[in-house]
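Student: Structure provided below as structure tokens; questions to follow.
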Amino acid sequence: MKTEQLKPVKTNGKSEEPKTAVIIGDKTIADSVLSRVASLEKSGGLNFPANYSYANALKSAWLILQNTIDREKRPALSVCTKESIANSLLDMVIQGLSPVKKQCYFVVYAKQLTLMRSYFGTIAVTKRIEGIADVFGNCIYEGDTFKYRINQTSGLKEIIEHTQEIQNINSAKIIAAYAIIHRDEKPSFIEIMTIDQIRKAWNQGVAYSSGKSTAHNNFTDEMAKKTVINRACKTFLNTSDDSDILIEAINRTTENEYTSEAEYEEEVQTEIDQNANKELIDMNPEPEDAIESIETMNGNNKTKLEPKLNGPGF
Amino acid sequence: MLNLEVLGSSSEANCYIIRTKEETLILECGMNYKFIKQALKFDLSKVKGCIITHEHKDHSRAAADLMKSGIDLYSSEGTFKALDISGHRVHALMTKTSYNIGRFSILPFDTEHDAAEPYGYLIYHPTFGKLLFATDTFYIKYKFNGLNYIMVECNYSKEILDENISAGRLHPALRKRLLKSHFSLENVKIFLQANDLSKVESIMLMHLSNGNSHAENFKNEIERLTGVPVRIC
């Protein structure tokens with residue numbers, strides 16, 4: 001059975017079988033995921049948040065998958081490989097995510113079903129890491145008083161002051177955003193991003209760079225907070241202990257977010273589909289008489305070209 | 001009737017010569033100048049110029065030599081800047097503007113490649129009609145009417161590419177670059193379907209990758225799709 005495509009892209013080029021791969025026999029995919037999770041739970045390899053029912057999450061995921069389609073509007077369940085469906089469901093359960101709460105969603109890339117964690121999912125997952133109490137984000141607007149310093153011994157940023165007048169709040173005048181991760185018995189972790197950095201991050205994606213994202217344009221403050229919180233959480237998730245399967249699943253879906261080959265391919269193809277073969281262009285094939293020097297043929301104003309770079313009339 | 005000689009069509013060298021009775025046009029000069037001269041039988045008197053798509057060496061290697069021999073060069077301003085050549089033989093063209101070179105008319109248009117300012121060209125001559133020349137572009141923004149000949153890159157097929165990567169014959173990093181710089185068989189098909197092919201006499205597939213393409217299959221697939229004779233350059 002092949003499960004290779006699901007693994008995160010590893011920089012050292014080596015790969016190993018994921019510890020959590022599902023073996024699919026005659027049972028349906030959801031059932032085999034369910035039994036695999038149950039056995040992981042029994043052996044103590046997996047702990048779920050107190051209020052998380054993986055059976056419910058799996059059932060609702062299965063219902064959502066019935067309506068999930070790929071870019072050509074084909075049903076995901078008939079397009080995707082069984083292994084990719086099983087592994088994305090498993091990634092969901094291990095991280096304790098619920099598709100109904102929009103903590104994650106399923107995306108088809110070619111024949112692979114991929115689990116993408118949403119911003120809400122990232123917060124939920126981060127809070128599950130031991131020692132993390134809560135995660136918050138704020139925007140800094142023009143006119144705010146904001147002071148921070150960097151602790152010389154720990155290297156952590158510390159916010160000294162952030163005061164804001166209500167009239168400063170204006171989505172067009174955001175200058176930065178920051179996220180605070182509160183930790184038990186440790187100083188809080190702060191991530192700050194300027195609006196330039198945030199926009200650069202947005203530009204990595206199709207939605208914002210195409211200029212069509214209403215979310216980014218109308219709810220700039222919320223999107224900015226999301227971006228900086230996401231980054232703060234990632235610093236944590238990606239530097240946490242890699243030994244347990246929770247982190248393995250977290251990292252797998254983090255990779256899915258922006259480095260997967262399949263996603264890159266999807267983006268390129270979207271660009272092609274949006275732009276290719278659209279505008280009709282043609283020349284005027286009339287002039288039968290050779291014109292010795294080259295001339296532009298823009299209607300009446302035939303101007304002689306200056307054969308120089310940067311020449312006028314170009 | 002289009003009289004086309006292919007001197008090279010790969011990532012090593014690209015050069016094509018179009019001959020009419022009285023005039024010759026060179027497309028691309030990405031090879032040692034001595035081979036181009038040989039192909040021209042050392043007679044430059046009919047050569048009206050050389051058009052270049054972009055500055056990568058496999059398309060422009062002989063540019064400076066051509067210029068020294070008195071052949072006019074046509075391309076985008078960005079391409080000439082990147083090549084760092086200038087002079088009275090250098091003609092920077094604007095996109096979507098027609099120009100006459102002898103009895104050839106050319107219409108440059110912008111293409112999608114990891115180069116400074118890459119162009120493709122629509123070329124007209126009363127003896128053969130309209131020829132589309134587009135290489136090193138992962139898609140074409142434009143559509144064309146009443147083409148008689150099409151020369152288009154068909155670099156790789158995704159299927160063969162993925163096979164090569166999973167077999168370890170190709171580094172995965174190359175895949176990303178290919179996707180966003182070269183025309184795949186799959187996208188060439190979409191391109192051809194989007195265009196009016198009713199007058200097309202021949203389609204020439206150019207710039208096939210060494211490892212990621214299959215000439216015979218590509219020819220068959222495009223012929224089956226379009227019903228037009230296909231030639232592999």
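In the structure tokens, the first chain shown is A, the next is B, and so on; residue numbers restart at 1 for each chain, and ligands run from 1 in the order shown.
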Among the residues of range 15-227 of chain B, find those DSSP assigns to strand (DSSP E or B) from the backbone and print them as an NGL selection string.
Tutor: :B and (15-19 or 24-27 or 47-51 or 73-76 or 90-93 or 99-102 or 104-110 or 119-125 or 129-134 or 142-144 or 149-153 or 156 or 184 or 202-206)
Student: Which residues, written as a ChimeraX atom specification, have at least one atom at most 7 Å from range 169-175 of chain A, with only C-alpha atoms counted and residues fewer than 4 positions away on the same chain left out?
Tutor: /A:139-142,194-195,220-221
Student: Keeping only all heavy atoms, take the residues you just selected and write them out as a short mmCIF file (atom, residue, chain, number, x, y, z; two decimals), in the first residue's frame.
Tutor:
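Wrote it out as out.cif, contents follow:
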data_model
loop_
_atom_site.label_atom_id
_atom_site.label_comp_id
_atom_site.auth_asym_id
_atom_site.auth_seq_id
_atom_site.Cartn_x
_atom_site.Cartn_y
_atom_site.Cartn_z
N CYS A 139 -4.46 44.21 16.86
CA CYS A 139 -3.89 45.07 15.82
C CYS A 139 -3.38 46.37 16.45
O CYS A 139 -3.94 46.85 17.44
CB CYS A 139 -4.94 45.42 14.77
SG CYS A 139 -5.28 44.07 13.66
N ILE A 140 -2.34 46.92 15.86
CA ILE A 140 -1.83 48.22 16.29
C ILE A 140 -2.17 49.23 15.19
O ILE A 140 -1.85 48.99 14.02
CB ILE A 140 -0.31 48.20 16.50
CG1 ILE A 140 0.06 47.05 17.46
CG2 ILE A 140 0.19 49.53 17.03
CD1 ILE A 140 1.54 46.75 17.49
N TYR A 141 -2.86 50.31 15.57
CA TYR A 141 -3.28 51.30 14.58
C TYR A 141 -2.44 52.56 14.69
O TYR A 141 -1.80 52.80 15.73
CB TYR A 141 -4.75 51.66 14.80
CG TYR A 141 -5.69 50.50 14.61
CD1 TYR A 141 -6.03 49.68 15.68
CD2 TYR A 141 -6.22 50.21 13.36
CE1 TYR A 141 -6.88 48.61 15.52
CE2 TYR A 141 -7.08 49.14 13.19
CZ TYR A 141 -7.41 48.34 14.26
OH TYR A 141 -8.25 47.28 14.09
N GLU A 142 -2.46 53.35 13.65
CA GLU A 142 -1.82 54.65 13.69
C GLU A 142 -2.37 55.43 14.87
O GLU A 142 -3.59 55.46 15.08
CB GLU A 142 -2.15 55.42 12.40
CG GLU A 142 -1.03 55.41 11.38
CD GLU A 142 -1.43 56.15 10.12
OE1 GLU A 142 -1.84 57.32 10.23
OE2 GLU A 142 -1.35 55.53 9.06
N THR A 194 4.77 43.60 11.11
CA THR A 194 4.33 44.88 10.56
C THR A 194 3.35 44.59 9.42
O THR A 194 3.30 43.47 8.90
CB THR A 194 5.52 45.67 9.99
OG1 THR A 194 6.05 44.92 8.89
CG2 THR A 194 6.60 45.88 11.03
N ILE A 195 2.60 45.62 9.03
CA ILE A 195 1.60 45.40 7.98
C ILE A 195 2.28 44.99 6.67
O ILE A 195 1.74 44.20 5.89
CB ILE A 195 0.69 46.65 7.81
CG1 ILE A 195 -0.54 46.30 6.95
CG2 ILE A 195 1.44 47.83 7.24
CD1 ILE A 195 -1.55 45.41 7.60
N THR A 220 -9.63 43.66 7.11
CA THR A 220 -8.17 43.65 7.19
C THR A 220 -7.68 43.36 8.60
O THR A 220 -6.72 42.62 8.80
CB THR A 220 -7.62 45.01 6.71
OG1 THR A 220 -8.37 45.41 5.58
CG2 THR A 220 -6.17 44.93 6.35
N ASP A 221 -8.37 43.94 9.61
CA ASP A 221 -7.92 43.76 10.99
C ASP A 221 -7.99 42.30 11.41
O ASP A 221 -7.04 41.75 11.96
CB ASP A 221 -8.73 44.66 11.95
CG ASP A 221 -10.23 44.52 11.72
OD1 ASP A 221 -10.63 44.00 10.66
OD2 ASP A 221 -11.00 44.92 12.61
#
Student: So what do you get for CA of Gly131 in chain A versus CA of Leu237 in chain A, distance-wise?
Tutor: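 Here the two named atoms are 12.4 Å from each other.
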Student: I'd like the neighbourhood of range 136-148 of chain B as number ranges by chain, where a residue qualifies if any of its atoms comes within 9 Å (using only C-alpha atoms), though same-chain residues fewer than 6 positions away should be ignored.
Tutor: A: 272, 275-282; B: 53-54, 109-114, 118-120, 122, 128-130, 154-155, 178-184, 187-188, 191, 194-203, 207
Student: Which residues are near Asn14 in chain B? Cut-off 7 Å, only C-alpha atoms, ignore same chain within fewer than 2 positions. Put them as a PyMOL selection string.
Tutor: chain B and resi 7-10+16+28-31+58-59
Student: Would you output that residue set with N, CA, C and O atoms, as a JSON list (two decimals), in the first residue's frame?
Tutor:
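Saved to result_5.json:
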[["chain", "number", "residue", "atom", "x", "y", "z"],
["B", 7, "LEU", "N", 17.20, 24.35, -36.82],
["B", 7, "LEU", "CA", 18.60, 24.08, -36.50],
["B", 7, "LEU", "C", 18.74, 23.50, -35.10],
["B", 7, "LEU", "O", 19.68, 22.77, -34.80],
["B", 8, "GLY", "N", 17.80, 23.84, -34.26],
["B", 8, "GLY", "CA", 17.86, 23.32, -32.89],
["B", 8, "GLY", "C", 16.55, 23.65, -32.19],
["B", 8, "GLY", "O", 15.97, 24.71, -32.42],
["B", 9, "SER", "N", 16.05, 22.73, -31.38],
["B", 9, "SER", "CA", 14.82, 22.99, -30.64],
["B", 9, "SER", "C", 14.84, 22.18, -29.35],
["B", 9, "SER", "O", 14.23, 21.13, -29.24],
["B", 10, "SER", "N", 15.60, 22.68, -28.39],
["B", 10, "SER", "CA", 15.71, 21.97, -27.12],
["B", 10, "SER", "C", 16.25, 22.95, -26.10],
["B", 10, "SER", "O", 16.47, 24.11, -26.41],
["B", 16, "TYR", "N", 15.63, 28.69, -35.66],
["B", 16, "TYR", "CA", 14.79, 28.29, -36.78],
["B", 16, "TYR", "C", 14.98, 29.31, -37.89],
["B", 16, "TYR", "O", 15.16, 30.49, -37.62],
["B", 28, "GLU", "N", 15.11, 33.09, -33.18],
["B", 28, "GLU", "CA", 16.00, 32.66, -32.12],
["B", 28, "GLU", "C", 17.41, 32.41, -32.65],
["B", 28, "GLU", "O", 17.59, 32.05, -33.82],
["B", 29, "CYS", "N", 18.40, 32.64, -31.78],
["B", 29, "CYS", "CA", 19.78, 32.41, -32.21],
["B", 29, "CYS", "C", 20.56, 31.79, -31.07],
["B", 29, "CYS", "O", 21.65, 32.21, -30.74],
["B", 30, "GLY", "N", 19.95, 30.76, -30.47],
["B", 30, "GLY", "CA", 20.57, 30.15, -29.30],
["B", 30, "GLY", "C", 21.54, 29.04, -29.64],
["B", 30, "GLY", "O", 21.43, 27.94, -29.11],
["B", 31, "MET", "N", 22.45, 29.30, -30.54],
["B", 31, "MET", "CA", 23.48, 28.30, -30.83],
["B", 31, "MET", "C", 24.72, 29.01, -31.36],
["B", 31, "MET", "O", 24.68, 30.19, -31.65],
["B", 58, "ASP", "N", 20.08, 29.56, -24.45],
["B", 58, "ASP", "CA", 19.68, 28.61, -25.50],
["B", 58, "ASP", "C", 18.77, 29.26, -26.54],
["B", 58, "ASP", "O", 18.34, 28.62, -27.49],
["B", 59, "HIS", "N", 18.50, 30.56, -26.36],
["B", 59, "HIS", "CA", 17.70, 31.28, -27.35],
["B", 59, "HIS", "C", 18.44, 32.48, -27.93],
["B", 59, "HIS", "O", 17.98, 33.10, -28.87]]
Student: Rounded to one decimal in Å, what is the spacing between CA of Val47 in chain B and CA of Arg19 in chain B?
Tutor: 8.8 Å
Student: Tell me, which residues of range 54-287 of chain A carry DSSP alpha helix (DSSP H), written as a ChimeraX atom specification?
Tutor: /A:54-66,76-79,82-94,119-128,195-203,206-209,214-218,220-239,245-258,261-275
Student: Can you tell me, as a ChimeraX atom specification, what residues are no more than 9 Å from Pro99 in chain A when counting only C-alpha atoms, ignoring any on the same chain fewer than 2 positions away?
Tutor: /A:57-58,60-61,64,92,97,101-106
Student: Would you save the residues of that selection, restricted to N, CA and C atoms, as an mmCIF file, in the first residue's frame?
Tutor:
data_model
loop_
_atom_site.group_PDB
_atom_site.id
_atom_site.type_symbol
_atom_site.label_atom_id
_atom_site.label_comp_id
_atom_site.auth_asym_id
_atom_site.auth_seq_id
_atom_site.Cartn_x
_atom_site.Cartn_y
_atom_site.Cartn_z
ATOM 1 N N ALA A 57 -16.826 13.519 15.292
ATOM 2 C CA ALA A 57 -16.042 14.268 14.308
ATOM 3 C C ALA A 57 -15.918 13.470 13.014
ATOM 4 N N LEU A 58 -15.683 12.178 13.152
ATOM 5 C CA LEU A 58 -15.549 11.338 11.956
ATOM 6 C C LEU A 58 -16.843 11.282 11.165
ATOM 7 N N SER A 60 -19.270 13.497 11.147
ATOM 8 C CA SER A 60 -19.568 14.756 10.446
ATOM 9 C C SER A 60 -18.592 14.980 9.286
ATOM 10 N N ALA A 61 -17.343 14.545 9.482
ATOM 11 C CA ALA A 61 -16.388 14.669 8.371
ATOM 12 C C ALA A 61 -16.869 13.844 7.179
ATOM 13 N N ILE A 64 -19.520 15.684 5.404
ATOM 14 C CA ILE A 64 -18.975 16.819 4.651
ATOM 15 C C ILE A 64 -18.289 16.316 3.385
ATOM 16 N N MET A 92 -7.078 14.515 11.194
ATOM 17 C CA MET A 92 -8.103 15.335 11.837
ATOM 18 C C MET A 92 -8.350 14.863 13.269
ATOM 19 N N LEU A 97 -9.573 17.842 15.898
ATOM 20 C CA LEU A 97 -10.229 18.925 15.173
ATOM 21 C C LEU A 97 -11.642 18.521 14.767
ATOM 22 N N LYS A 101 -16.943 22.722 13.403
ATOM 23 C CA LYS A 101 -16.548 24.005 13.993
ATOM 24 C C LYS A 101 -15.597 24.771 13.085
ATOM 25 N N LYS A 102 -15.458 24.312 11.877
ATOM 26 C CA LYS A 102 -14.582 24.943 10.884
ATOM 27 C C LYS A 102 -13.128 25.014 11.358
ATOM 28 N N GLN A 103 -12.752 23.999 12.125
ATOM 29 C CA GLN A 103 -11.350 23.958 12.551
ATOM 30 C C GLN A 103 -10.478 23.334 11.475
ATOM 31 N N CYS A 104 -11.104 22.676 10.549
ATOM 32 C CA CYS A 104 -10.333 22.089 9.458
ATOM 33 C C CYS A 104 -11.266 21.875 8.276
ATOM 34 N N TYR A 105 -10.660 21.707 7.121
ATOM 35 C CA TYR A 105 -11.473 21.406 5.953
ATOM 36 C C TYR A 105 -10.676 20.514 5.012
ATOM 37 N N PHE A 106 -11.380 19.934 4.074
ATOM 38 C CA PHE A 106 -10.754 18.962 3.186
ATOM 39 C C PHE A 106 -10.638 19.547 1.783
#
Student: Just checking: using only C-alpha atoms, which residue out of B:Phe80, B:Tyr99, B:Tyr33, B:Phe42 ends up closest to chain A?
Tutor: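 Between B:Phe80, B:Tyr99, B:Tyr33, B:Phe42, the residue approaching chain A most closely is B:Tyr99.
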Student: Show me, as a ChimeraX atom specification, the residues that have an atom within 7 Å of range 64-76 of chain B when counting only C-alpha atoms, minus same-chain residues fewer than 4 positions from it.
Tutor: /B:33,49-53,80,89-94,117,119
Student: Measuring between only C-alpha atoms, which one of B:Phe133, B:Ala62, B:His171, B:Ser98 shows the shortest distance to Ile18 in chain B?
Tutor: B:Phe133
Student: Can you pull out every residue within 12 Å of Asn3 in chain B, counting only C-alpha atoms, but drop anything in the same chain fewer than 2 positions away, and send it as an MDAnalysis selection string?
Tutor: chainID B and resid 1 5:6 16:21 23:26 125 127:129 131 149 202
